[in-house]
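Shown next: entry-v5.cif, containing mmCIF, C-alpha atoms and all ligand atoms.
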```
data_target
loop_
_atom_site.group_PDB
_atom_site.id
_atom_site.type_symbol
_atom_site.label_atom_id
_atom_site.label_comp_id
_atom_site.auth_asym_id
_atom_site.auth_seq_id
_atom_site.Cartn_x
_atom_site.Cartn_y
_atom_site.Cartn_z
ATOM 1 C CA MET A 929 138.025 122.254 -124.224
ATOM 2 C CA VAL A 930 134.279 122.566 -124.121
ATOM 3 C CA TRP A 931 134.493 126.246 -124.945
ATOM 4 C CA LEU A 932 136.971 125.553 -127.755
ATOM 5 C CA PHE A 933 134.607 122.957 -129.199
ATOM 6 C CA ARG A 934 131.661 125.344 -128.944
ATOM 7 C CA SER A 935 133.694 128.143 -130.547
ATOM 8 C CA ARG A 936 134.492 125.920 -133.501
ATOM 9 C CA ILE A 937 130.838 125.038 -133.904
ATOM 10 C CA ILE A 938 129.806 128.693 -133.701
ATOM 11 C CA ASN A 939 132.497 129.712 -136.221
ATOM 12 C CA SER A 940 131.503 126.984 -138.661
ATOM 13 C CA ILE A 941 127.854 127.968 -138.418
ATOM 14 C CA ILE A 942 128.567 131.667 -138.820
ATOM 15 C CA ARG A 943 130.906 130.977 -141.774
ATOM 16 C CA SER A 944 128.233 128.828 -143.369
ATOM 17 C CA LYS A 945 125.877 131.806 -143.544
ATOM 18 C CA ALA A 946 127.693 133.428 -146.477
ATOM 19 C CA PRO A 947 127.584 130.468 -148.893
ATOM 20 C CA LEU A 948 124.008 129.836 -147.909
ATOM 21 C CA VAL A 949 122.999 133.222 -149.225
ATOM 22 C CA GLY A 950 125.361 133.310 -152.189
ATOM 23 C CA SER A 951 124.598 129.819 -153.411
ATOM 24 C CA TYR A 952 120.932 130.394 -153.999
ATOM 25 C CA VAL A 953 121.088 129.666 -157.684
ATOM 26 C CA HIS A 954 124.333 127.815 -158.345
ATOM 27 C CA GLY A 955 125.506 125.899 -155.331
ATOM 28 C CA ASP A 956 122.473 125.232 -153.217
ATOM 29 C CA SER A 957 121.508 121.620 -153.802
ATOM 30 C CA CYS A 958 118.162 122.171 -152.115
ATOM 31 C CA CYS A 959 117.244 124.966 -154.491
ATOM 32 C CA SER A 960 118.570 122.956 -157.444
ATOM 33 C CA SER A 961 116.205 120.131 -156.681
ATOM 34 C CA VAL A 962 113.386 122.605 -156.261
ATOM 35 C CA ILE A 963 114.174 124.092 -159.645
ATOM 36 C CA SER A 964 114.312 120.737 -161.422
ATOM 37 C CA SER A 965 111.124 119.509 -159.844
ATOM 38 C CA ILE A 966 108.965 122.525 -160.497
ATOM 39 C CA SER A 967 109.842 123.475 -164.050
ATOM 40 C CA ARG A 968 106.529 122.488 -165.613
ATOM 41 C CA PRO A 969 103.878 123.684 -163.183
ATOM 42 C CA PHE A 970 105.641 126.952 -162.316
ATOM 43 C CA PRO A 971 106.126 128.875 -165.546
ATOM 44 C CA LYS A 972 106.591 132.274 -163.882
ATOM 45 C CA PHE A 973 109.379 130.892 -161.753
ATOM 46 C CA MET A 974 111.122 129.434 -164.818
ATOM 47 C CA ASN A 975 110.797 132.735 -166.671
ATOM 48 C CA TRP A 976 112.653 134.429 -163.871
ATOM 49 C CA LEU A 977 115.359 131.766 -163.977
ATOM 50 C CA LYS A 978 115.806 132.308 -167.728
ATOM 51 C CA THR A 979 115.975 136.040 -167.259
ATOM 52 C CA ASP A 980 118.521 135.661 -164.507
ATOM 53 C CA GLY A 981 120.685 133.184 -166.417
ATOM 54 C CA CYS A 982 120.376 130.560 -163.711
ATOM 55 C CA HIS A 983 121.731 127.746 -165.843
ATOM 56 C CA THR A 984 124.577 129.772 -167.357
ATOM 57 C CA SER A 985 127.829 130.900 -165.800
ATOM 58 C CA ALA A 986 126.852 134.554 -165.984
ATOM 59 C CA VAL A 987 126.769 135.018 -162.237
ATOM 60 C CA ALA A 988 127.518 138.699 -162.551
ATOM 61 C CA SER A 989 124.405 139.180 -164.628
ATOM 62 C CA LEU A 990 122.146 137.898 -161.869
ATOM 63 C CA PRO A 991 120.340 141.132 -161.264
ATOM 64 C CA SER A 992 118.034 140.744 -158.459
ATOM 65 C CA PHE A 993 118.597 138.239 -155.724
ATOM 66 C CA LYS A 994 120.005 140.854 -153.361
ATOM 67 C CA GLU A 995 117.247 143.202 -154.402
ATOM 68 C CA LYS A 996 114.676 140.496 -153.874
ATOM 69 C CA GLN A 997 116.150 139.718 -150.455
ATOM 70 C CA SER A 998 116.162 143.377 -149.571
ATOM 71 C CA GLU A 999 112.445 143.408 -150.302
ATOM 72 C CA ILE A 1000 112.029 141.307 -147.181
ATOM 73 C CA PRO A 1001 113.127 143.345 -144.178
ATOM 74 C CA ASP A 1002 114.869 141.563 -141.299
ATOM 75 C CA LYS A 1003 112.312 141.731 -138.502
ATOM 76 C CA GLY A 1004 113.752 138.996 -136.369
ATOM 77 C CA LEU A 1005 111.634 135.867 -136.522
ATOM 78 C CA ASP A 1006 108.694 137.734 -138.041
ATOM 79 C CA VAL A 1007 109.473 138.206 -141.736
ATOM 80 C CA GLY A 1008 106.134 138.642 -143.418
ATOM 81 C CA ASN A 1009 103.158 136.814 -144.768
ATOM 82 C CA MET A 1010 103.101 134.303 -147.645
ATOM 83 C CA ALA A 1011 99.651 135.510 -148.654
ATOM 84 C CA GLU A 1012 101.189 138.888 -149.476
ATOM 85 C CA THR A 1013 104.000 137.559 -151.651
ATOM 86 C CA ASP A 1014 103.881 137.786 -155.414
ATOM 87 C CA GLY A 1015 104.979 134.708 -157.352
ATOM 88 C CA TYR A 1016 106.654 131.404 -156.639
ATOM 89 C CA LEU A 1017 110.130 132.857 -156.351
ATOM 90 C CA ASN A 1018 109.098 135.123 -153.536
ATOM 91 C CA LEU A 1019 107.419 132.256 -151.705
ATOM 92 C CA PHE A 1020 110.713 130.383 -151.551
ATOM 93 C CA CYS A 1021 112.640 133.595 -150.995
ATOM 94 C CA LEU A 1022 110.453 134.283 -147.977
ATOM 95 C CA MET A 1023 110.790 130.686 -146.786
ATOM 96 C CA LYS A 1024 114.583 130.916 -147.036
ATOM 97 C CA GLN A 1025 114.605 134.237 -145.209
ATOM 98 C CA ARG A 1026 112.505 132.736 -142.437
ATOM 99 C CA PHE A 1027 114.906 129.803 -142.139
ATOM 100 C CA LEU A 1028 117.943 132.081 -141.988
ATOM 101 C CA ASN A 1029 116.217 134.274 -139.431
ATOM 102 C CA PHE A 1030 115.458 131.173 -137.357
ATOM 103 C CA LYS A 1031 119.113 130.205 -137.627
ATOM 104 C CA ASN A 1032 120.453 133.658 -136.766
ATOM 105 C CA HIS A 1033 117.932 134.681 -134.136
ATOM 106 C CA LYS A 1034 117.197 131.374 -132.439
ATOM 107 C CA TYR A 1035 119.524 128.494 -133.319
ATOM 108 C CA ILE A 1036 122.767 130.377 -132.815
ATOM 109 C CA LYS A 1037 121.512 132.164 -129.718
ATOM 110 C CA GLU A 1038 120.457 128.838 -128.165
ATOM 111 C CA LEU A 1039 123.262 126.799 -129.657
ATOM 112 C CA GLU A 1040 123.872 124.567 -126.663
ATOM 113 C CA HIS A 1041 120.180 123.669 -126.501
ATOM 114 C CA PHE A 1042 119.974 122.879 -130.222
ATOM 115 C CA GLN A 1043 123.197 120.858 -130.108
ATOM 116 C CA SER A 1044 121.745 118.724 -127.318
ATOM 117 C CA LEU A 1045 118.536 118.303 -129.353
ATOM 118 C CA ALA A 1046 120.673 117.006 -132.212
ATOM 119 C CA GLU A 1047 121.684 114.137 -129.926
ATOM 120 C CA ALA A 1048 118.283 113.166 -128.530
ATOM 121 C CA GLN A 1049 114.725 114.288 -127.897
ATOM 122 C CA TYR A 1050 112.761 114.106 -124.655
ATOM 123 C CA PRO A 1051 109.364 115.645 -125.442
ATOM 124 C CA LYS A 1052 106.787 115.663 -122.674
ATOM 125 C CA PHE A 1053 103.859 115.859 -125.084
ATOM 126 C CA MET A 1054 102.465 113.921 -127.990
ATOM 127 C CA VAL A 1055 100.045 116.181 -129.893
ATOM 128 C CA ILE A 1056 97.474 115.098 -132.465
ATOM 129 C CA ALA A 1057 96.088 118.093 -134.327
ATOM 130 C CA CYS A 1058 94.209 118.847 -137.527
ATOM 131 C CA ALA A 1059 96.191 119.358 -140.736
ATOM 132 C CA ASP A 1060 94.306 122.626 -141.311
ATOM 133 C CA SER A 1061 96.768 125.401 -142.211
ATOM 134 C CA ARG A 1062 95.183 127.819 -139.716
ATOM 135 C CA VAL A 1063 95.638 125.818 -136.554
ATOM 136 C CA CYS A 1064 99.331 124.982 -136.225
ATOM 137 C CA PRO A 1065 99.788 124.066 -132.519
ATOM 138 C CA SER A 1066 103.386 125.335 -132.478
ATOM 139 C CA ASN A 1067 102.112 128.757 -133.487
ATOM 140 C CA ILE A 1068 99.098 129.040 -131.228
ATOM 141 C CA LEU A 1069 100.566 127.283 -128.151
ATOM 142 C CA GLY A 1070 104.194 128.264 -128.617
ATOM 143 C CA PHE A 1071 105.688 124.775 -128.676
ATOM 144 C CA GLN A 1072 109.442 124.918 -129.136
ATOM 145 C CA PRO A 1073 111.743 122.417 -130.886
ATOM 146 C CA GLY A 1074 112.089 119.301 -128.751
ATOM 147 C CA GLU A 1075 108.958 119.894 -126.678
ATOM 148 C CA VAL A 1076 106.312 118.017 -128.654
ATOM 149 C CA PHE A 1077 106.138 114.908 -130.810
ATOM 150 C CA MET A 1078 103.349 115.756 -133.212
ATOM 151 C CA ILE A 1079 101.158 114.284 -135.882
ATOM 152 C CA ARG A 1080 98.554 116.185 -137.857
ATOM 153 C CA ASN A 1081 95.756 114.630 -139.847
ATOM 154 C CA ILE A 1082 92.353 115.569 -141.195
ATOM 155 C CA ALA A 1083 90.020 116.325 -138.266
ATOM 156 C CA ASN A 1084 92.635 115.319 -135.633
ATOM 157 C CA LEU A 1085 91.213 111.811 -135.361
ATOM 158 C CA VAL A 1086 92.646 108.835 -133.478
ATOM 159 C CA PRO A 1087 91.424 105.531 -134.962
ATOM 160 C CA MET A 1088 90.619 102.629 -132.671
ATOM 161 C CA MET A 1089 93.263 99.915 -132.515
ATOM 162 C CA LYS A 1090 90.947 97.395 -134.224
ATOM 163 C CA ASN A 1091 90.868 99.615 -137.345
ATOM 164 C CA GLY A 1092 94.420 98.583 -138.144
ATOM 165 C CA PRO A 1093 97.667 100.388 -138.847
ATOM 166 C CA SER A 1094 97.830 104.052 -139.779
ATOM 167 C CA GLU A 1095 100.492 106.717 -139.551
ATOM 168 C CA CYS A 1096 98.619 108.060 -136.529
ATOM 169 C CA ASN A 1097 98.971 104.937 -134.401
ATOM 170 C CA ALA A 1098 102.535 104.364 -135.627
ATOM 171 C CA ALA A 1099 103.455 107.818 -134.303
ATOM 172 C CA LEU A 1100 101.546 107.128 -131.089
ATOM 173 C CA GLU A 1101 103.402 103.878 -130.544
ATOM 174 C CA PHE A 1102 106.778 105.556 -130.953
ATOM 175 C CA ALA A 1103 105.840 108.485 -128.712
ATOM 176 C CA VAL A 1104 104.441 106.306 -125.935
ATOM 177 C CA THR A 1105 106.660 103.225 -125.949
ATOM 178 C CA THR A 1106 110.000 104.735 -127.010
ATOM 179 C CA LEU A 1107 109.911 108.412 -126.075
ATOM 180 C CA GLU A 1108 107.683 107.714 -123.061
ATOM 181 C CA VAL A 1109 105.820 111.017 -123.311
ATOM 182 C CA GLU A 1110 103.867 111.959 -120.202
ATOM 183 C CA ASN A 1111 100.916 113.589 -121.976
ATOM 184 C CA ILE A 1112 98.864 113.080 -125.126
ATOM 185 C CA LEU A 1113 96.884 116.123 -126.254
ATOM 186 C CA VAL A 1114 94.283 115.903 -129.035
ATOM 187 C CA ILE A 1115 93.518 119.375 -130.406
ATOM 188 C CA GLY A 1116 90.406 120.156 -132.433
ATOM 189 C CA HIS A 1117 89.257 123.469 -133.815
ATOM 190 C CA SER A 1118 86.296 125.521 -134.985
ATOM 191 C CA SER A 1119 85.031 125.335 -138.572
ATOM 192 C CA CYS A 1120 86.804 122.036 -139.211
ATOM 193 C CA ALA A 1121 86.179 120.944 -142.810
ATOM 194 C CA GLY A 1122 87.018 117.345 -141.895
ATOM 195 C CA ILE A 1123 84.260 117.241 -139.275
ATOM 196 C CA GLU A 1124 81.868 118.903 -141.695
ATOM 197 C CA THR A 1125 82.662 116.149 -144.225
ATOM 198 C CA LEU A 1126 82.059 113.502 -141.565
ATOM 199 C CA MET A 1127 78.719 115.074 -140.609
ATOM 200 C CA SER A 1128 77.505 115.382 -144.202
ATOM 201 C CA MET A 1129 78.483 111.856 -145.354
ATOM 202 C CA GLN A 1130 75.665 109.495 -146.194
ATOM 203 C CA GLU A 1131 75.511 106.618 -143.730
ATOM 204 C CA ASP A 1132 74.486 103.888 -146.123
ATOM 205 C CA THR A 1133 76.936 104.478 -148.954
ATOM 206 C CA GLU A 1134 80.494 103.294 -149.370
ATOM 207 C CA PRO A 1135 83.224 105.875 -148.720
ATOM 208 C CA ARG A 1136 83.956 107.608 -152.021
ATOM 209 C CA ASN A 1137 87.555 108.681 -151.498
ATOM 210 C CA PHE A 1138 90.495 108.675 -149.079
ATOM 211 C CA ILE A 1139 89.013 111.578 -147.142
ATOM 212 C CA HIS A 1140 85.714 109.781 -146.543
ATOM 213 C CA ASN A 1141 87.581 106.633 -145.588
ATOM 214 C CA TRP A 1142 89.628 108.542 -143.047
ATOM 215 C CA VAL A 1143 86.934 110.687 -141.420
ATOM 216 C CA ALA A 1144 84.795 107.541 -141.009
ATOM 217 C CA ASN A 1145 87.049 106.948 -137.976
ATOM 218 C CA GLY A 1146 84.868 109.563 -136.283
ATOM 219 C CA LYS A 1147 81.503 107.928 -136.957
ATOM 220 C CA VAL A 1148 80.809 107.159 -133.268
ATOM 221 C CA ALA A 1149 81.169 110.869 -132.526
ATOM 222 C CA LYS A 1150 78.844 111.627 -135.402
ATOM 223 C CA LEU A 1151 76.165 109.229 -134.128
ATOM 224 C CA ARG A 1152 76.402 110.696 -130.618
ATOM 225 C CA THR A 1153 76.181 114.190 -132.051
ATOM 226 C CA LYS A 1154 73.137 113.353 -134.159
ATOM 227 C CA SER A 1155 71.285 111.851 -131.221
ATOM 228 C CA ALA A 1156 72.154 114.725 -128.862
ATOM 229 C CA THR A 1157 71.616 117.647 -131.220
ATOM 230 C CA SER A 1158 68.876 116.700 -133.664
ATOM 231 C CA HIS A 1159 67.054 119.966 -132.804
ATOM 232 C CA LEU A 1160 70.055 122.112 -133.810
ATOM 233 C CA SER A 1161 71.156 123.457 -137.184
ATOM 234 C CA PHE A 1162 73.785 121.627 -139.245
ATOM 235 C CA ASP A 1163 76.440 124.217 -138.322
ATOM 236 C CA GLN A 1164 75.659 123.874 -134.623
ATOM 237 C CA GLN A 1165 75.833 120.096 -134.950
ATOM 238 C CA CYS A 1166 79.257 120.423 -136.541
ATOM 239 C CA ARG A 1167 80.508 122.590 -133.644
ATOM 240 C CA PHE A 1168 79.215 119.946 -131.223
ATOM 241 C CA CYS A 1169 80.851 117.130 -133.186
ATOM 242 C CA GLU A 1170 84.182 118.972 -133.288
ATOM 243 C CA LYS A 1171 84.363 118.540 -129.496
ATOM 244 C CA GLU A 1172 82.635 115.161 -129.314
ATOM 245 C CA SER A 1173 85.115 113.707 -131.800
ATOM 246 C CA ILE A 1174 87.991 114.874 -129.594
ATOM 247 C CA ASN A 1175 86.533 112.967 -126.650
ATOM 248 C CA GLN A 1176 85.939 109.897 -128.792
ATOM 249 C CA SER A 1177 89.571 110.085 -129.866
ATOM 250 C CA LEU A 1178 90.595 110.226 -126.195
ATOM 251 C CA LEU A 1179 88.588 107.049 -125.596
ATOM 252 C CA ASN A 1180 90.056 105.487 -128.739
ATOM 253 C CA LEU A 1181 93.532 106.109 -127.331
ATOM 254 C CA LEU A 1182 92.632 103.723 -124.521
ATOM 255 C CA SER A 1183 92.006 100.920 -127.024
ATOM 256 C CA TYR A 1184 95.794 100.607 -127.340
ATOM 257 C CA PRO A 1185 97.001 98.436 -124.436
ATOM 258 C CA TRP A 1186 100.369 100.193 -124.196
ATOM 259 C CA ILE A 1187 98.499 103.485 -123.706
ATOM 260 C CA GLU A 1188 95.871 102.187 -121.295
ATOM 261 C CA ASP A 1189 98.547 100.499 -119.196
ATOM 262 C CA ARG A 1190 100.516 103.710 -118.757
ATOM 263 C CA VAL A 1191 97.364 105.754 -118.064
ATOM 264 C CA ARG A 1192 96.271 103.215 -115.452
ATOM 265 C CA LYS A 1193 99.690 103.479 -113.795
ATOM 266 C CA GLU A 1194 99.421 107.290 -113.917
ATOM 267 C CA LEU A 1195 102.536 107.541 -116.061
ATOM 268 C CA LEU A 1196 100.545 109.092 -118.901
ATOM 269 C CA SER A 1197 97.669 111.603 -119.000
ATOM 270 C CA ILE A 1198 95.431 112.248 -121.951
ATOM 271 C CA HIS A 1199 93.905 115.638 -122.676
ATOM 272 C CA GLY A 1200 91.603 117.396 -125.094
ATOM 273 C CA GLY A 1201 91.993 120.890 -126.503
ATOM 274 C CA TYR A 1202 89.756 123.027 -128.713
ATOM 275 C CA TYR A 1203 90.946 126.118 -130.546
ATOM 276 C CA ASN A 1204 88.215 128.507 -131.624
ATOM 277 C CA PHE A 1205 89.801 130.832 -134.138
ATOM 278 C CA SER A 1206 86.730 132.982 -134.596
ATOM 279 C CA ASN A 1207 87.113 134.416 -131.079
ATOM 280 C CA CYS A 1208 90.668 133.224 -130.355
ATOM 281 C CA SER A 1209 89.933 131.103 -127.314
ATOM 282 C CA PHE A 1210 91.302 127.737 -126.266
ATOM 283 C CA GLU A 1211 89.556 125.112 -124.127
ATOM 284 C CA LYS A 1212 91.634 122.493 -122.379
ATOM 285 C CA TRP A 1213 90.458 119.473 -120.420
ATOM 286 C CA THR A 1214 91.754 116.144 -119.142
ATOM 287 C CA LEU A 1215 90.138 112.721 -119.413
ATOM 288 C CA ASP A 1216 89.159 111.388 -115.986
ATOM 289 C CA PHE A 1217 90.288 107.826 -116.572
ATOM 290 C CA LYS A 1218 88.975 106.468 -113.255
ATOM 291 C CA ASP A 1219 85.399 107.518 -114.020
ATOM 292 C CA CYS A 1220 85.343 106.502 -117.690
ATOM 293 C CA ASN A 1221 83.619 103.363 -118.866
ATOM 294 C CA VAL A 1222 85.883 102.398 -121.708
ATOM 295 C CA LYS A 1223 84.857 98.819 -122.400
ATOM 296 C CA GLU A 1224 81.041 98.719 -122.308
ATOM 297 C CA GLU A 1225 79.257 102.052 -122.634
ATOM 298 C CA ARG A 1226 82.295 103.902 -123.950
ATOM 299 C CA SER A 1227 81.260 106.818 -121.796
ATOM 300 C CA TYR A 1228 83.712 109.458 -120.652
ATOM 301 C CA VAL A 1229 84.166 111.974 -117.857
ATOM 302 C CA VAL A 1230 86.466 114.971 -118.071
ATOM 303 C CA LYS A 1231 88.146 117.052 -115.384
ATOM 304 C CA GLU A 1232 90.382 120.110 -115.033
ATOM 305 C CA LYS A 1233 88.445 121.962 -117.712
ATOM 306 C CA GLU A 1234 89.768 125.442 -118.463
ATOM 307 C CA LEU A 1235 88.948 128.193 -120.929
ATOM 308 C CA TRP A 1236 91.822 130.404 -122.027
ATOM 309 C CA CYS A 1237 90.628 133.649 -123.551
HETATM 310 ZN ZN ZN B 1 90.197 120.580 -139.104
#
```
Since I need it in another form, could you write the structure as structure tokens?
Amino acid sequence: MVWLFRSRIINSIIRSKAPLVGSYVHGDSCCSSVISSISRPFPKFMNWLKTDGCHTSAVASLPSFKEKQSEIPDKGLDVGNMAETDGYLNLFCLMKQRFLNFKNHKYIKELEHFQSLAEAQYPKFMVIACADSRVCPSNILGFQPGEVFMIRNIANLVPMMKNGPSECNAALEFAVTTLEVENILVIGHSSCAGIETLMSMQEDTEPRNFIHNWVANGKVAKLRTKSATSHLSFDQQCRFCEKESINQSLLNLLSYPWIEDRVRKELLSIHGGYYNFSNCSFEKWTLDFKDCNVKEERSYVVKEKELWC
């Protein structure tokens, strides 16, 4: 029975591949919504739609979808680079090809695993990383679906509990109290524009925008950086603050009682990570909770420090 059930699932998924490709213009509700929502700011894309008769019934006159697909060779999960595509159509064409390649080369091959993920998730990690497009943790650390509950924000900051609600602490609460993750990993990176903004903000002026308001969560790290590195250049101070802010975020995690309680009981560990993309190295360390002074000095000690290069 189990095999019969799995066979039906496999058949339905394999059958669904054909309409997915053929319905690009007429039947694909996802693409339809894309088309309706991008008509004004994407004139090139709309020109192509007019040329191809997208909104008419002249399906046979559609000249180029197969050609455009054939422009993207099937290389397994590696199907090219968005920076090398020409025009909005090709961006979505490439995105669709990547999705179908994921489906064909990963989802179907690991069907049982993905079917179980559809029922529930049991990630061992919560990751907080920067929103920067160059530092996707799933790419650089190979996280697979179901392995990590993740949030990304500017400068990978964790606000203190007293700063009030944010999407960051909402995600933390769910990961820790519901999913009961065993590890929280805060990942920073080199040349972080968010940290540079934090370091260049004037102390005595009101935050001017959402970005300033957000990165102000790292002001303790900034003050520590300024006092420790006043003899260094601004760039060197920023590199220092990129790591100092990670450690301040690790301490800030402990301001949430449901995190501190689980760390104290050794049910949860909190770690820092730093990705340097100029030399492709990764530093990993773990907060030594027993030797940290969280309440008074807010000082920290780290252990198990490693450099992967
Ligand atoms: Zn960043």
Taken to one decimal, the atom CA of Pro1087 of chain A-atom CA of Val1055 of chain A distance is 14.6 Å
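If you count only C-alpha atoms and ignore residues fewer than 3 places along the chain from His1140 of chain A, what sits within 10 Å of it is Gly1122, Thr1125, Leu1126, Met1129, Glu1134, Pro1135, Arg1136, Asn1137, Val1143, Ala1144 and Asn1145 of chain A.
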**Contacts to ligand ZN 1 (chain B) at 7 Å cut-off (only C-alpha atoms and all ligand atoms) as an MDAnalysis selection string** = chainID A and resid 1058:1060 1082:1084 1116:1117 1120:1123
Please write as number ranges by chain the full residue list that the PyMOL selection byres (((chain A and resi 1164-1172) around 7) and not hetatm) yields on this file.
-> A: 1116-1118, 1123-1124, 1127, 1149-1150, 1153, 1157, 1160-1163, 1173-1176
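Proximity to segment 1089-1095 of chain A at 12 Å, evaluated using only C-alpha atoms and with sequence-adjacent residues fewer than 5 positions away removed, yields Ile1056, Met1078, Ile1079, Arg1080, Asn1081, Leu1100, Glu1101, Phe1102, Asn1141, Trp1142, Ala1144, Asn1145, Gly1146, Ser1177, Leu1179, Asn1180, Leu1181, Leu1182, Ser1183, Tyr1184, Pro1185, Trp1186, Ile1187 and Glu1188 of chain A.
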For this structure, which residues satisfy the selection - the PyMOL selection byres (((chain A and resi 1196-1206) around 8) and not hetatm) - when it is evaluated on the file as given? I want them as a PyMOL selection string. chain A and resi 1063+1109-1118+1171+1174-1175+1178+1187+1190-1191+1193-1195+1207-1215
note - atom CA of Lys1233 of chain A and atom CA of Asp1216 of chain A are separated by 10.7 Å
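The coordinates place atom CA of Phe1077 of chain A at 8.2 Å from atom CA of Lys1052 of chain A.
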Could you write out as AutoDock Vina command-line options the box around segment 1161-1166 of chain A (axis-aligned, all atoms listed in the file, 3 Å on each side), with centre and edge lengths in Å to one decimal?
```
--center_x 75.2 --center_y 122.2 --center_z -136.9 --size_x 14.1 --size_y 10.1 --size_z 10.6
```
Of A:Leu1045, A:Leu1022, A:Ser1119, A:Leu1028, the one sitting nearest Gly1008 of chain A when using only C-alpha atoms is A:Leu1022
